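Visitor: If it helps, the file is called my_file12.cif and holds mmCIF, C-alpha atoms:
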data_input
loop_
_atom_site.group_PDB
_atom_site.id
_atom_site.type_symbol
_atom_site.label_atom_id
_atom_site.label_comp_id
_atom_site.auth_asym_id
_atom_site.auth_seq_id
_atom_site.Cartn_x
_atom_site.Cartn_y
_atom_site.Cartn_z
ATOM 1 C CA MET A 2 117.978 54.697 135.330
ATOM 2 C CA PRO A 3 117.813 51.331 133.494
ATOM 3 C CA HIS A 4 116.868 50.939 129.850
ATOM 4 C CA ARG A 5 113.149 50.276 129.436
ATOM 5 C CA ARG A 6 114.078 46.881 127.966
ATOM 6 C CA SER A 7 115.534 45.858 131.364
ATOM 7 C CA LEU A 8 112.389 46.935 133.171
ATOM 8 C CA ILE A 9 110.278 44.895 130.749
ATOM 9 C CA LEU A 10 112.440 41.781 131.153
ATOM 10 C CA ASP A 11 112.314 42.154 134.944
ATOM 11 C CA ALA A 12 108.508 42.377 134.814
ATOM 12 C CA TYR A 13 108.314 39.112 132.851
ATOM 13 C CA LEU A 14 110.858 37.509 135.182
ATOM 14 C CA ALA A 15 108.594 38.344 138.125
ATOM 15 C CA ARG A 16 105.534 36.909 136.340
ATOM 16 C CA LEU A 17 107.306 33.657 135.495
ATOM 17 C CA SER A 18 108.746 33.374 139.021
ATOM 18 C CA ALA A 19 105.187 33.539 140.363
ATOM 19 C CA ILE A 20 104.367 30.173 138.759
ATOM 20 C CA PRO A 21 104.420 27.822 141.785
ATOM 21 C CA GLU A 22 106.642 25.244 140.080
ATOM 22 C CA PHE A 23 109.214 27.954 139.306
ATOM 23 C CA SER A 24 109.027 30.048 142.490
ATOM 24 C CA ALA A 25 112.144 28.605 144.192
ATOM 25 C CA PRO A 26 115.455 30.503 143.879
ATOM 26 C CA ASN A 27 117.359 29.944 140.615
ATOM 27 C CA LYS A 28 114.378 28.291 138.890
ATOM 28 C CA VAL A 29 113.895 31.387 136.708
ATOM 29 C CA ALA A 30 116.833 33.544 135.667
ATOM 30 C CA ARG A 31 117.516 36.354 133.270
ATOM 31 C CA GLY A 32 120.473 34.841 131.488
ATOM 32 C CA ARG A 33 122.608 32.107 133.000
ATOM 33 C CA TYR A 34 126.293 32.168 133.897
ATOM 34 C CA ALA A 35 126.760 28.502 134.790
ATOM 35 C CA PRO A 36 125.128 25.150 134.083
ATOM 36 C CA ILE A 37 121.911 24.417 135.962
ATOM 37 C CA PRO A 38 122.316 21.694 138.586
ATOM 38 C CA GLN A 39 120.098 18.664 137.901
ATOM 39 C CA GLU A 40 118.136 19.195 141.124
ATOM 40 C CA PHE A 41 116.971 22.649 139.907
ATOM 41 C CA LEU A 42 115.336 21.224 136.773
ATOM 42 C CA PRO A 43 112.961 22.065 135.256
ATOM 43 C CA ALA A 44 114.040 25.687 135.052
ATOM 44 C CA LEU A 45 113.481 28.739 132.855
ATOM 45 C CA THR A 46 115.927 31.217 131.338
ATOM 46 C CA LEU A 47 114.636 34.533 130.046
ATOM 47 C CA THR A 48 116.739 36.139 127.295
ATOM 48 C CA TRP A 49 116.621 38.341 124.244
ATOM 49 C CA ALA A 50 120.026 37.187 122.998
ATOM 50 C CA GLU A 51 118.547 34.889 120.339
ATOM 51 C CA GLY A 52 117.521 37.839 118.169
ATOM 52 C CA SER A 53 118.050 41.533 117.566
ATOM 53 C CA GLU A 54 115.793 44.241 118.876
ATOM 54 C CA THR A 55 114.521 46.400 116.033
ATOM 55 C CA ALA A 56 113.224 49.951 116.114
ATOM 56 C CA SER A 57 111.572 52.422 113.794
ATOM 57 C CA VAL A 58 111.144 56.158 114.260
ATOM 58 C CA ARG A 59 107.786 57.329 115.518
ATOM 59 C CA PRO A 60 107.316 61.095 115.060
ATOM 60 C CA CYS A 61 105.676 63.160 117.788
ATOM 61 C CA SER A 62 105.383 60.328 120.297
ATOM 62 C CA GLY A 63 106.312 62.362 123.365
ATOM 63 C CA SER A 64 104.030 64.669 125.309
ATOM 64 C CA ASN A 65 105.973 67.671 123.958
ATOM 65 C CA GLY A 66 106.154 66.412 120.380
ATOM 66 C CA GLU A 67 109.449 64.539 120.752
ATOM 67 C CA ASP A 68 110.265 61.737 118.363
ATOM 68 C CA GLY A 69 110.262 58.197 119.668
ATOM 69 C CA TYR A 70 110.892 54.630 118.668
ATOM 70 C CA ASP A 71 108.498 51.763 118.102
ATOM 71 C CA ARG A 72 110.556 48.834 119.318
ATOM 72 C CA GLN A 73 110.269 45.062 118.792
ATOM 73 C CA LEU A 74 112.094 43.039 121.429
ATOM 74 C CA PRO A 75 112.540 39.301 120.737
ATOM 75 C CA LEU A 76 111.940 37.553 124.047
ATOM 76 C CA SER A 77 112.886 33.887 124.448
ATOM 77 C CA ILE A 78 111.862 31.786 127.395
ATOM 78 C CA ILE A 79 114.176 28.793 127.349
ATOM 79 C CA VAL A 80 112.729 25.761 129.107
ATOM 80 C CA HIS A 81 115.324 23.424 130.638
ATOM 81 C CA LEU A 82 113.728 19.997 131.031
ATOM 82 C CA ARG A 83 114.230 17.158 133.488
ATOM 83 C CA ASP A 84 111.925 14.281 132.521
ATOM 84 C CA ALA A 85 112.814 11.499 130.106
ATOM 85 C CA ASP A 86 109.554 12.251 128.259
ATOM 86 C CA ALA A 87 110.701 15.707 127.150
ATOM 87 C CA ASP A 88 107.853 16.216 124.675
ATOM 88 C CA ARG A 89 105.137 15.864 127.317
ATOM 89 C CA GLU A 90 107.081 17.819 129.939
ATOM 90 C CA PHE A 91 107.668 20.658 127.473
ATOM 91 C CA ASP A 92 103.964 20.813 126.576
ATOM 92 C CA ARG A 93 102.975 20.780 130.259
ATOM 93 C CA ILE A 94 105.344 23.662 131.047
ATOM 94 C CA CYS A 95 104.245 25.560 127.925
ATOM 95 C CA VAL A 96 100.701 25.582 129.311
ATOM 96 C CA LEU A 97 101.946 27.214 132.531
ATOM 97 C CA ILE A 98 104.034 29.800 130.685
ATOM 98 C CA GLU A 99 101.404 30.631 128.061
ATOM 99 C CA GLN A 100 98.771 31.153 130.752
ATOM 100 C CA VAL A 101 100.994 33.665 132.550
ATOM 101 C CA MET A 102 102.216 35.386 129.394
ATOM 102 C CA GLY A 103 98.705 35.465 127.923
ATOM 103 C CA ARG A 104 97.553 37.515 130.891
ATOM 104 C CA ALA A 105 100.478 39.853 130.188
ATOM 105 C CA ILE A 106 99.665 40.518 126.541
ATOM 106 C CA VAL A 107 99.309 44.202 127.396
ATOM 107 C CA ILE A 108 101.214 45.247 130.529
ATOM 108 C CA ASP A 109 100.518 48.949 130.139
ATOM 109 C CA GLN A 110 99.607 51.205 127.252
ATOM 110 C CA VAL A 111 103.006 50.868 125.577
ATOM 111 C CA ILE A 112 103.910 47.181 125.959
ATOM 112 C CA GLU A 113 102.304 44.354 124.006
ATOM 113 C CA THR A 114 103.423 40.720 123.983
ATOM 114 C CA THR A 115 102.693 38.160 121.263
ATOM 115 C CA LEU A 116 103.734 34.507 121.098
ATOM 116 C CA ARG A 117 105.620 33.945 117.827
ATOM 117 C CA SER A 118 106.824 30.346 118.070
ATOM 118 C CA SER A 119 107.686 27.458 120.322
ATOM 119 C CA ARG A 120 110.222 24.735 119.743
ATOM 120 C CA LEU A 121 111.433 21.584 121.438
ATOM 121 C CA TYR A 122 115.109 21.056 120.618
ATOM 122 C CA VAL A 123 115.810 17.624 119.134
ATOM 123 C CA ASP A 124 119.063 16.147 117.835
ATOM 124 C CA PRO A 125 118.414 15.894 114.070
ATOM 125 C CA ARG A 126 120.762 12.912 113.731
ATOM 126 C CA THR A 127 119.139 10.745 116.401
ATOM 127 C CA GLY A 128 115.690 12.225 116.930
ATOM 128 C CA LEU A 129 116.366 12.358 120.682
ATOM 129 C CA PRO A 130 115.290 15.432 122.648
ATOM 130 C CA LEU A 131 118.127 17.656 123.862
ATOM 131 C CA GLY A 132 116.447 18.524 127.166
ATOM 132 C CA ALA A 133 115.420 22.058 126.260
ATOM 133 C CA GLY A 134 112.869 24.026 124.327
ATOM 134 C CA ALA A 135 111.919 27.664 123.864
ATOM 135 C CA LEU A 136 108.882 29.883 123.606
ATOM 136 C CA ASN A 137 109.614 32.968 121.521
ATOM 137 C CA TYR A 138 107.648 36.159 121.975
ATOM 138 C CA ALA A 139 107.684 39.564 120.316
ATOM 139 C CA VAL A 140 107.397 42.435 122.765
ATOM 140 C CA SER A 141 106.314 45.759 121.271
ATOM 141 C CA TYR A 142 107.020 48.894 123.242
ATOM 142 C CA LYS A 143 107.713 52.576 122.684
ATOM 143 C CA THR A 144 110.379 54.904 124.050
ATOM 144 C CA LEU A 145 111.440 58.448 123.437
ATOM 145 C CA ALA A 146 114.257 58.557 120.884
ATOM 146 C CA ALA A 147 116.430 60.760 123.088
ATOM 147 C CA ASP A 148 115.872 58.732 126.269
ATOM 148 C CA PRO A 149 115.326 54.931 126.202
ATOM 149 C CA THR A 150 114.304 54.963 129.859
ATOM 150 C CA ILE A 151 111.102 56.915 129.176
ATOM 151 C CA PRO A 152 108.032 55.289 127.605
ATOM 152 C CA ALA A 153 106.445 57.104 124.670
ATOM 153 C CA LEU A 154 102.780 57.586 123.892
#
Since I need it in another form, could you write the structure as structure tokens?
Guide:
Amino acid sequence: MPHRRSLILDAYLARLSAIPEFSAPNKVARGRYAPIPQEFLPALTLTWAEGSETASVRPCSGSNGEDGYDRQLPLSIIVHLRDADADREFDRICVLIEQVMGRAIVIDQVIETTLRSSRLYVDPRTGLPLGAGALNYAVSYKTLAADPTIPAL
């Protein structure tokens, strides 16, 4: 059985893939293994690699009194841009993403999602956009300490 973190990322992947502009194959991916061809842009990459997941012990969080973890998963949605006017394109795509993610603030009783920051990447030497940006979320969820596949109360 997969780690609960994988199930959560897959749920967000499905939500983002439901945005009409990003519903074609390879428009939304969980991690990338190769460059994105120009014709697939704009595209989204979902990752948690930009930060570390943290956890703290939560006593008696299982139905039989088992200990659990309160977890904080850093979720980054990297936006790969196509237009020359990257600032406007990024803002337009942010609206689409924030609408979908805002409806997913609470997926079930143990998952909560909060937008933490957004950033358009710009070359600090030239001021030119680098063709990408990111929306960073914090995902709070709970698991049993002895089994990360099982949600806790």
Visitor: Once the PyMOL selection byres ((chain A and resi 26) around 12) is applied to the coordinates I shared, what remains selected? I want it as a list of chain:residue names.
Guide: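 Written out, the selection comes to A:Ala15, A:Ser18, A:Ala19, A:Pro21, A:Glu22, A:Phe23, A:Ser24, A:Ala25, A:Asn27, A:Lys28, A:Val29, A:Ala30, A:Ile37, A:Glu40, A:Phe41, A:Leu42, A:Ala44, A:Leu45.
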Visitor: Once the PyMOL selection byres ((chain A and resi 55) around 10) is applied to the coordinates I shared, what remains selected? I want it as a PDB file with C-alpha atoms, in the coordinates of the input.
Guide:
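The resulting file, result.pdb, is shown below:
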ATOM      1  CA  GLY A  52     117.521  37.839 118.169  1.00  0.00           C
ATOM      2  CA  SER A  53     118.050  41.533 117.566  1.00  0.00           C
ATOM      3  CA  GLU A  54     115.793  44.241 118.876  1.00  0.00           C
ATOM      4  CA  ALA A  56     113.224  49.951 116.114  1.00  0.00           C
ATOM      5  CA  SER A  57     111.572  52.422 113.794  1.00  0.00           C
ATOM      6  CA  TYR A  70     110.892  54.630 118.668  1.00  0.00           C
ATOM      7  CA  ASP A  71     108.498  51.763 118.102  1.00  0.00           C
ATOM      8  CA  ARG A  72     110.556  48.834 119.318  1.00  0.00           C
ATOM      9  CA  GLN A  73     110.269  45.062 118.792  1.00  0.00           C
ATOM     10  CA  LEU A  74     112.094  43.039 121.429  1.00  0.00           C
ATOM     11  CA  PRO A  75     112.540  39.301 120.737  1.00  0.00           C
ATOM     12  CA  SER A 141     106.314  45.759 121.271  1.00  0.00           C
TER      13      SER A 141
END
Visitor: Can you measure CA of Ala12 in chain A to CA of Arg117 in chain A for me? One decimal in Å is fine.
Guide: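 Between CA of Ala12 in chain A and CA of Arg117 in chain A the gap is 19.2 Å.
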Visitor: Closest to Ala85 in chain A among A:Val101, A:Leu136, A:Ile9, A:Leu129, using all atoms listed in the file?
Guide: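 Selected residue with least distance to Ala85 in chain A: A:Leu129.
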Visitor: When the PyMOL selection byres ((chain A and resi 3-6) around 12) is applied to the structure above, which residues does it catch, written out as a ChimeraX atom specification?
Guide: /A:2,7-13,48-49,54-55,70,72-76,111-112,140-153
Visitor: Smallest atom-to-atom distance to Met102 in chain A: which of A:Ala133, A:Val123, A:Leu116, A:Ala87, using only C-alpha atoms?
Guide: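 Using only C-alpha atoms, Met102 in chain A sits closest to A:Leu116.
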Visitor: Compute the distance from (103.0, 59.2, 124.5) to each atom, counting only C-alpha atoms, keep the residues with any atom at most 7 Å away, and return them as a list of chain:residue names; use the coordinates of the file.
Guide: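 Residues lying no farther than 7 Å from the given point: A:Ser62, A:Gly63, A:Ser64, A:Ala153, A:Leu154.
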Visitor: In Å, how far is it from CA of Pro38 in chain A to CA of Asn137 in chain A?
Guide: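 Computed distance, CA of Pro38 in chain A to CA of Asn137 in chain A, equals 24.1 Å.
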Visitor: Expressed in Å to a single decimal, how great is the separation between CA of Pro130 in chain A and CA of Gln100 in chain A?
Guide: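 Between CA of Pro130 in chain A and CA of Gln100 in chain A the gap is 24.2 Å.
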Visitor: Got a sec: who's within 8 Å of Phe91 in chain A, counting only C-alpha atoms, leaving out chain neighbours fewer than 4 positions off, as number ranges by chain?
Guide: A: 80, 82, 87, 95, 121, 133-134
